[in-house]
file query-v4.cif (mmCIF, C-alpha atoms)
data_protein
loop_
_atom_site.group_PDB
_atom_site.id
_atom_site.type_symbol
_atom_site.label_atom_id
_atom_site.label_comp_id
_atom_site.auth_asym_id
_atom_site.auth_seq_id
_atom_site.Cartn_x
_atom_site.Cartn_y
_atom_site.Cartn_z
ATOM 1 C CA MET A 90 0.000 0.000 0.000
ATOM 2 C CA SER A 91 1.389 3.375 -0.946
ATOM 3 C CA ILE A 92 -0.735 5.911 0.986
ATOM 4 C CA SER A 93 -3.476 5.716 3.597
ATOM 5 C CA LEU A 94 -5.333 8.363 5.570
ATOM 6 C CA GLN A 95 -7.616 7.520 8.460
ATOM 7 C CA GLY A 96 -8.479 10.595 10.466
ATOM 8 C CA THR A 97 -9.833 14.117 10.492
ATOM 9 C CA ILE A 98 -8.525 16.879 8.267
ATOM 10 C CA GLY A 99 -9.257 20.526 8.908
ATOM 11 C CA ARG A 100 -8.633 24.124 7.998
ATOM 12 C CA GLY A 101 -9.958 26.891 10.216
ATOM 13 C CA GLU A 102 -13.433 25.894 11.375
ATOM 14 C CA PHE A 103 -13.799 23.266 8.646
ATOM 15 C CA GLU A 104 -13.301 19.577 9.519
ATOM 16 C CA ARG A 105 -13.956 16.310 7.696
ATOM 17 C CA ALA A 106 -13.397 12.689 8.728
ATOM 18 C CA LEU A 107 -11.814 10.477 6.054
ATOM 19 C CA ASN A 108 -10.794 6.850 5.636
ATOM 20 C CA PHE A 109 -9.165 5.855 2.355
ATOM 21 C CA SER A 110 -6.061 4.282 0.885
ATOM 22 C CA VAL A 111 -4.470 4.264 -2.558
ATOM 23 C CA ALA A 112 -2.251 1.436 -3.792
ATOM 24 C CA ASP A 113 0.636 1.582 -6.242
ATOM 25 C CA GLY A 114 -0.619 2.056 -9.786
ATOM 26 C CA GLU A 115 -4.013 3.392 -8.718
ATOM 27 C CA VAL A 116 -5.379 6.837 -9.550
ATOM 28 C CA LEU A 117 -7.953 7.942 -6.980
ATOM 29 C CA ALA A 118 -10.084 10.874 -8.102
ATOM 30 C CA ILE A 119 -11.491 12.950 -5.247
ATOM 31 C CA THR A 120 -14.538 14.936 -6.298
ATOM 32 C CA GLY A 121 -16.934 17.289 -4.586
ATOM 33 C CA PRO A 122 -18.202 20.879 -4.486
ATOM 34 C CA ASN A 123 -16.120 23.881 -3.507
ATOM 35 C CA GLY A 124 -15.471 23.887 0.232
ATOM 36 C CA SER A 125 -15.795 20.114 0.618
ATOM 37 C CA GLY A 126 -12.136 19.658 1.557
ATOM 38 C CA LYS A 127 -10.574 18.441 -1.698
ATOM 39 C CA SER A 128 -7.544 20.718 -1.631
ATOM 40 C CA THR A 129 -7.253 20.331 2.156
ATOM 41 C CA ILE A 130 -6.644 16.601 1.578
ATOM 42 C CA ILE A 131 -3.807 17.416 -0.840
ATOM 43 C CA HIS A 132 -2.261 19.941 1.542
ATOM 44 C CA THR A 133 -2.522 17.522 4.474
ATOM 45 C CA ILE A 134 -0.781 14.696 2.624
ATOM 46 C CA ALA A 135 1.884 17.101 1.372
ATOM 47 C CA GLY A 136 2.537 18.264 4.939
ATOM 48 C CA LEU A 137 1.346 21.856 4.510
ATOM 49 C CA ILE A 138 -1.482 21.271 7.016
ATOM 50 C CA SER A 139 -1.462 18.929 10.021
ATOM 51 C CA LEU A 140 -4.074 16.267 10.659
ATOM 52 C CA ARG A 141 -6.563 17.155 13.381
ATOM 53 C CA SER A 142 -6.611 13.513 14.501
ATOM 54 C CA GLY A 143 -5.876 10.029 13.197
ATOM 55 C CA GLN A 144 -2.989 8.783 11.091
ATOM 56 C CA LEU A 145 -1.425 9.375 7.687
ATOM 57 C CA GLN A 146 0.953 6.689 6.391
ATOM 58 C CA SER A 147 2.909 5.997 3.227
ATOM 59 C CA ASP A 148 4.431 2.552 2.652
ATOM 60 C CA ASN A 149 3.762 1.792 6.344
ATOM 61 C CA ILE A 150 5.788 4.818 7.445
ATOM 62 C CA THR A 151 3.797 7.281 9.541
ATOM 63 C CA TRP A 152 3.943 10.833 8.238
ATOM 64 C CA ASP A 153 1.443 12.447 10.615
ATOM 65 C CA GLU A 154 -0.123 11.163 13.839
ATOM 66 C CA PRO A 155 -1.151 13.883 16.304
ATOM 67 C CA SER A 156 -1.742 11.483 19.216
ATOM 68 C CA THR A 157 1.916 10.389 19.208
ATOM 69 C CA ARG A 158 3.309 13.696 17.911
ATOM 70 C CA ILE A 159 4.820 11.966 14.885
ATOM 71 C CA TRP A 160 5.364 14.482 12.119
ATOM 72 C CA VAL A 161 7.442 14.165 8.950
ATOM 73 C CA ALA A 162 8.366 17.512 7.394
ATOM 74 C CA PRO A 163 7.107 18.179 3.839
ATOM 75 C CA GLU A 164 10.592 18.005 2.321
ATOM 76 C CA ASN A 165 11.069 14.522 3.790
ATOM 77 C CA ARG A 166 7.826 13.058 2.436
ATOM 78 C CA THR A 167 8.098 10.960 -0.716
ATOM 79 C CA CYS A 168 5.341 12.842 -2.495
ATOM 80 C CA ALA A 169 5.135 15.554 -5.122
ATOM 81 C CA VAL A 170 2.359 18.035 -5.841
ATOM 82 C CA VAL A 171 1.080 19.767 -8.950
ATOM 83 C CA PHE A 172 -0.809 22.711 -7.457
ATOM 84 C CA GLN A 173 -3.698 24.573 -9.065
ATOM 85 C CA ASP A 174 -1.548 27.696 -9.475
ATOM 86 C CA LEU A 175 1.475 25.603 -10.625
ATOM 87 C CA ARG A 176 3.970 27.661 -8.508
ATOM 88 C CA LEU A 177 6.707 27.829 -11.116
ATOM 89 C CA PHE A 178 9.598 30.205 -10.435
ATOM 90 C CA PRO A 179 9.271 33.026 -13.008
ATOM 91 C CA HIS A 180 12.963 34.010 -12.773
ATOM 92 C CA MET A 181 14.166 30.486 -13.641
ATOM 93 C CA ASN A 182 14.094 28.837 -17.042
ATOM 94 C CA VAL A 183 12.165 25.628 -17.620
ATOM 95 C CA ILE A 184 14.930 23.133 -16.896
ATOM 96 C CA ALA A 185 15.963 25.016 -13.748
ATOM 97 C CA ASN A 186 12.355 24.837 -12.527
ATOM 98 C CA VAL A 187 12.199 21.099 -13.180
ATOM 99 C CA SER A 188 15.554 20.362 -11.573
ATOM 100 C CA TYR A 189 14.904 22.510 -8.487
ATOM 101 C CA GLY A 190 13.630 19.673 -6.292
ATOM 102 C CA LEU A 191 16.513 17.390 -7.225
ATOM 103 C CA ARG A 192 19.110 20.065 -6.496
ATOM 104 C CA ALA A 193 17.403 20.878 -3.175
ATOM 105 C CA HIS A 194 17.835 17.228 -2.197
ATOM 106 C CA GLY A 195 21.544 17.243 -3.008
ATOM 107 C CA VAL A 196 21.539 15.696 -6.477
ATOM 108 C CA ALA A 197 24.613 16.778 -8.476
ATOM 109 C CA LYS A 198 23.950 19.410 -11.133
ATOM 110 C CA ASP A 199 24.829 17.256 -14.142
ATOM 111 C CA GLU A 200 22.631 14.388 -12.971
ATOM 112 C CA ALA A 201 19.784 16.751 -12.103
ATOM 113 C CA MET A 202 19.927 18.338 -15.551
ATOM 114 C CA THR A 203 20.011 14.955 -17.298
ATOM 115 C CA ARG A 204 17.036 13.657 -15.339
ATOM 116 C CA SER A 205 15.145 16.908 -15.887
ATOM 117 C CA SER A 206 15.750 16.746 -19.627
ATOM 118 C CA VAL A 207 14.307 13.225 -19.692
ATOM 119 C CA ALA A 208 11.273 14.387 -17.702
ATOM 120 C CA LEU A 209 10.662 17.266 -20.116
ATOM 121 C CA THR A 210 10.817 14.892 -23.066
ATOM 122 C CA ARG A 211 8.298 12.682 -21.292
ATOM 123 C CA VAL A 212 5.778 15.542 -21.199
ATOM 124 C CA GLY A 213 6.500 16.726 -24.741
ATOM 125 C CA LEU A 214 8.712 19.737 -23.970
ATOM 126 C CA SER A 215 12.143 18.575 -25.075
ATOM 127 C CA SER A 216 12.940 21.859 -26.848
ATOM 128 C CA PHE A 217 11.689 24.178 -24.100
ATOM 129 C CA GLU A 218 14.560 23.929 -21.596
ATOM 130 C CA LYS A 219 15.787 27.536 -21.871
ATOM 131 C CA ARG A 220 12.410 29.266 -21.939
ATOM 132 C CA ARG A 221 10.934 31.133 -18.980
ATOM 133 C CA PRO A 222 7.466 30.336 -17.579
ATOM 134 C CA ASN A 223 6.095 33.702 -18.699
ATOM 135 C CA ASP A 224 6.934 32.773 -22.295
ATOM 136 C CA LEU A 225 4.814 29.615 -22.157
ATOM 137 C CA SER A 226 1.130 28.933 -22.663
ATOM 138 C CA GLY A 227 -0.997 27.654 -19.796
ATOM 139 C CA GLY A 228 -0.800 24.129 -21.174
ATOM 140 C CA GLU A 229 2.977 24.306 -21.482
ATOM 141 C CA ARG A 230 3.333 25.583 -17.913
ATOM 142 C CA GLN A 231 1.185 22.695 -16.745
ATOM 143 C CA ARG A 232 3.531 20.260 -18.481
ATOM 144 C CA VAL A 233 6.523 21.880 -16.774
ATOM 145 C CA ALA A 234 4.827 21.529 -13.383
ATOM 146 C CA LEU A 235 4.091 17.865 -14.105
ATOM 147 C CA ALA A 236 7.691 17.208 -15.159
ATOM 148 C CA ARG A 237 8.936 18.909 -11.976
ATOM 149 C CA ALA A 238 6.732 16.615 -9.888
ATOM 150 C CA LEU A 239 7.698 13.410 -11.689
ATOM 151 C CA VAL A 240 11.458 14.019 -11.873
ATOM 152 C CA VAL A 241 11.907 13.470 -8.129
ATOM 153 C CA GLU A 242 10.418 9.970 -8.527
ATOM 154 C CA PRO A 243 7.806 10.320 -5.769
ATOM 155 C CA ARG A 244 5.922 7.421 -4.236
ATOM 156 C CA VAL A 245 2.758 9.557 -4.147
ATOM 157 C CA LEU A 246 1.729 12.040 -6.843
ATOM 158 C CA LEU A 247 -0.825 14.682 -5.870
ATOM 159 C CA LEU A 248 -2.697 16.509 -8.650
ATOM 160 C CA ASP A 249 -4.790 19.440 -7.400
ATOM 161 C CA GLU A 250 -7.216 20.439 -10.183
ATOM 162 C CA PRO A 251 -4.527 19.804 -12.827
ATOM 163 C CA LEU A 252 -6.484 21.337 -15.711
ATOM 164 C CA SER A 253 -7.894 24.385 -13.903
ATOM 165 C CA ALA A 254 -5.067 26.670 -15.053
ATOM 166 C CA VAL A 255 -5.097 25.395 -18.631
ATOM 167 C CA ASP A 256 -6.747 27.304 -21.461
ATOM 168 C CA ALA A 257 -9.525 25.520 -23.323
ATOM 169 C CA SER A 258 -7.413 25.005 -26.449
ATOM 170 C CA SER A 259 -4.771 23.087 -24.445
ATOM 171 C CA ARG A 260 -7.090 21.113 -22.173
ATOM 172 C CA ALA A 261 -7.744 18.226 -24.559
ATOM 173 C CA ALA A 262 -4.022 17.703 -25.207
ATOM 174 C CA ILE A 263 -3.191 17.664 -21.495
ATOM 175 C CA ARG A 264 -6.091 15.321 -20.799
ATOM 176 C CA ASP A 265 -4.665 12.952 -23.421
ATOM 177 C CA LEU A 266 -1.137 13.266 -21.992
ATOM 178 C CA LEU A 267 -1.924 12.658 -18.332
ATOM 179 C CA PRO A 268 -3.341 9.104 -18.649
ATOM 180 C CA GLU A 269 -0.286 8.110 -20.673
ATOM 181 C CA VAL A 270 2.070 9.547 -18.051
ATOM 182 C CA LEU A 271 0.132 8.107 -15.117
ATOM 183 C CA SER A 272 0.007 4.631 -16.669
ATOM 184 C CA SER A 273 3.788 4.417 -16.343
ATOM 185 C CA PHE A 274 3.927 5.956 -12.850
ATOM 186 C CA ALA A 275 4.792 3.262 -10.311
ATOM 187 C CA GLY A 276 3.367 4.953 -7.235
ATOM 188 C CA ALA A 277 -0.083 6.086 -6.091
ATOM 189 C CA THR A 278 -1.842 9.096 -7.592
ATOM 190 C CA ILE A 279 -4.509 11.279 -6.002
ATOM 191 C CA LEU A 280 -6.382 13.517 -8.425
ATOM 192 C CA VAL A 281 -8.554 16.325 -7.084
ATOM 193 C CA THR A 282 -11.072 17.555 -9.627
ATOM 194 C CA HIS A 283 -14.621 18.756 -10.143
ATOM 195 C CA ASP A 284 -14.604 17.717 -13.810
ATOM 196 C CA LEU A 285 -16.127 14.314 -14.577
ATOM 197 C CA GLY A 286 -14.169 14.282 -17.834
ATOM 198 C CA ASP A 287 -10.949 14.193 -15.797
ATOM 199 C CA VAL A 288 -12.300 11.302 -13.742
ATOM 200 C CA GLU A 289 -13.281 9.304 -16.814
ATOM 201 C CA ALA A 290 -9.959 9.964 -18.564
ATOM 202 C CA MET A 291 -7.565 9.339 -15.693
ATOM 203 C CA ALA A 292 -9.003 7.696 -12.588
ATOM 204 C CA THR A 293 -9.152 4.021 -11.713
ATOM 205 C CA ARG A 294 -11.697 4.807 -8.990
ATOM 206 C CA SER A 295 -13.253 7.853 -7.305
ATOM 207 C CA LEU A 296 -14.186 9.205 -3.881
ATOM 208 C CA GLY A 297 -16.988 11.739 -3.606
ATOM 209 C CA LEU A 298 -17.031 14.239 -0.746
#
call {"tool": "encode", "arguments": {"input": "query-v4.cif", "output": "structure tokens"}}
result
Amino acid sequence: MSISLQGTIGRGEFERALNFSVADGEVLAITGPNGSGKSTIIHTIAGLISLRSGQLQSDNITWDEPSTRIWVAPENRTCAVVFQDLRLFPHMNVIANVSYGLRAHGVAKDEAMTRSSVALTRVGLSSFEKRRPNDLSGGERQRVALARALVVEPRVLLLDEPLSAVDASSRAAIRDLLPEVLSSFAGATILVTHDLGDVEAMATRSLGL
């Protein structure tokens, strides 16, 4: 089992009890209206928000358990996130953005660049290495964010509304790309979306909130 969450998540006055797990190779789509806690789940697993109660585990390693004060810092969790707003660094070119996580974890520059180049090819951006995010379309920026998440070889991939920042003309291409990429991803994927088209195209099962 790659990831499991049994407990209560919360943000401010909002709380929700959850009990789910996602195995290697699965893509769990989490759906629900605005305010139902979809993004709070992503932020909790990523370590940006603490559990209110219960336990969060990945590969039988506890990441968050308030009752025992176990807490694994975000940078030490084997997960990667593609956020709604992408969070690319505008002052860095594409390959520097993709390699950032590797370099932050001590990977040598040459190796980080090689791995990042492979990741960019995987998402169809092999000739975009020297461009800046502001020179890219929404769909291209989304591909960069996906490459940045995959290059660190996470055990858990978190996709928070992955097509929300993509213009309509690019959405179909990204929706075709993601299932292909996810089919070769060895870990567990959690997809947060309100779009049933995303669920049908990418998910192996769904959880409604």
call {"tool": "resolve_selection", "arguments": {"input": "query-v4.cif", "expression": "the PyMOL selection byres ((chain A and resi 283) around 7)", "output": "PyMOL selection string"}}
result
chain A and resi 120-121+282+284-285
call {"tool": "atom_distance", "arguments": {"input": "query-v4.cif", "atom1": "CA of Ser91 (chain A)", "atom2": "CA of Glu269 (chain A)"}}
result
20.4 Å
call {"tool": "atom_distance", "arguments": {"input": "query-v4.cif", "atom1": "CA of His194 (chain A)", "atom2": "CA of Gln173 (chain A)"}}
result
23.8 Å
call {"tool": "residues_near_point", "arguments": {"input": "query-v4.cif", "point": "(4.6, 20.4, -11.3)", "cutoff": "8 Å", "atoms": "all atoms listed in the file", "output": "PyMOL selection string"}}
result
chain A and resi 169-172+175-177+187+231-239
call {"tool": "residues_around", "arguments": {"input": "query-v4.cif", "residues": "Val288 (chain A)", "least_positions_apart": "4", "cutoff": "12 Å", "atoms": "all atoms listed in the file", "output": "compact mmCIF listing (two decimals) with C-alpha atoms, keeping the file's coordinate frame"}}
result
# COMPACT_ATOMS: atom_id res chain seq x y z
CA VAL A 116 -5.38 6.84 -9.55
CA LEU A 117 -7.95 7.94 -6.98
CA ALA A 118 -10.08 10.87 -8.10
CA ILE A 119 -11.49 12.95 -5.25
CA THR A 120 -14.54 14.94 -6.30
CA GLY A 121 -16.93 17.29 -4.59
CA GLU A 250 -7.22 20.44 -10.18
CA PRO A 251 -4.53 19.80 -12.83
CA LEU A 252 -6.48 21.34 -15.71
CA ARG A 264 -6.09 15.32 -20.80
CA LEU A 267 -1.92 12.66 -18.33
CA PRO A 268 -3.34 9.10 -18.65
CA ILE A 279 -4.51 11.28 -6.00
CA LEU A 280 -6.38 13.52 -8.43
CA VAL A 281 -8.55 16.32 -7.08
CA THR A 282 -11.07 17.56 -9.63
CA HIS A 283 -14.62 18.76 -10.14
CA ASP A 284 -14.60 17.72 -13.81
CA ALA A 292 -9.00 7.70 -12.59
CA THR A 293 -9.15 4.02 -11.71
CA ARG A 294 -11.70 4.81 -8.99
CA SER A 295 -13.25 7.85 -7.30
CA LEU A 296 -14.19 9.20 -3.88
CA GLY A 297 -16.99 11.74 -3.61
call {"tool": "atom_distance", "arguments": {"input": "query-v4.cif", "atom1": "CA of Gly99 (chain A)", "atom2": "CA of Phe178 (chain A)"}}
result
28.7 Å
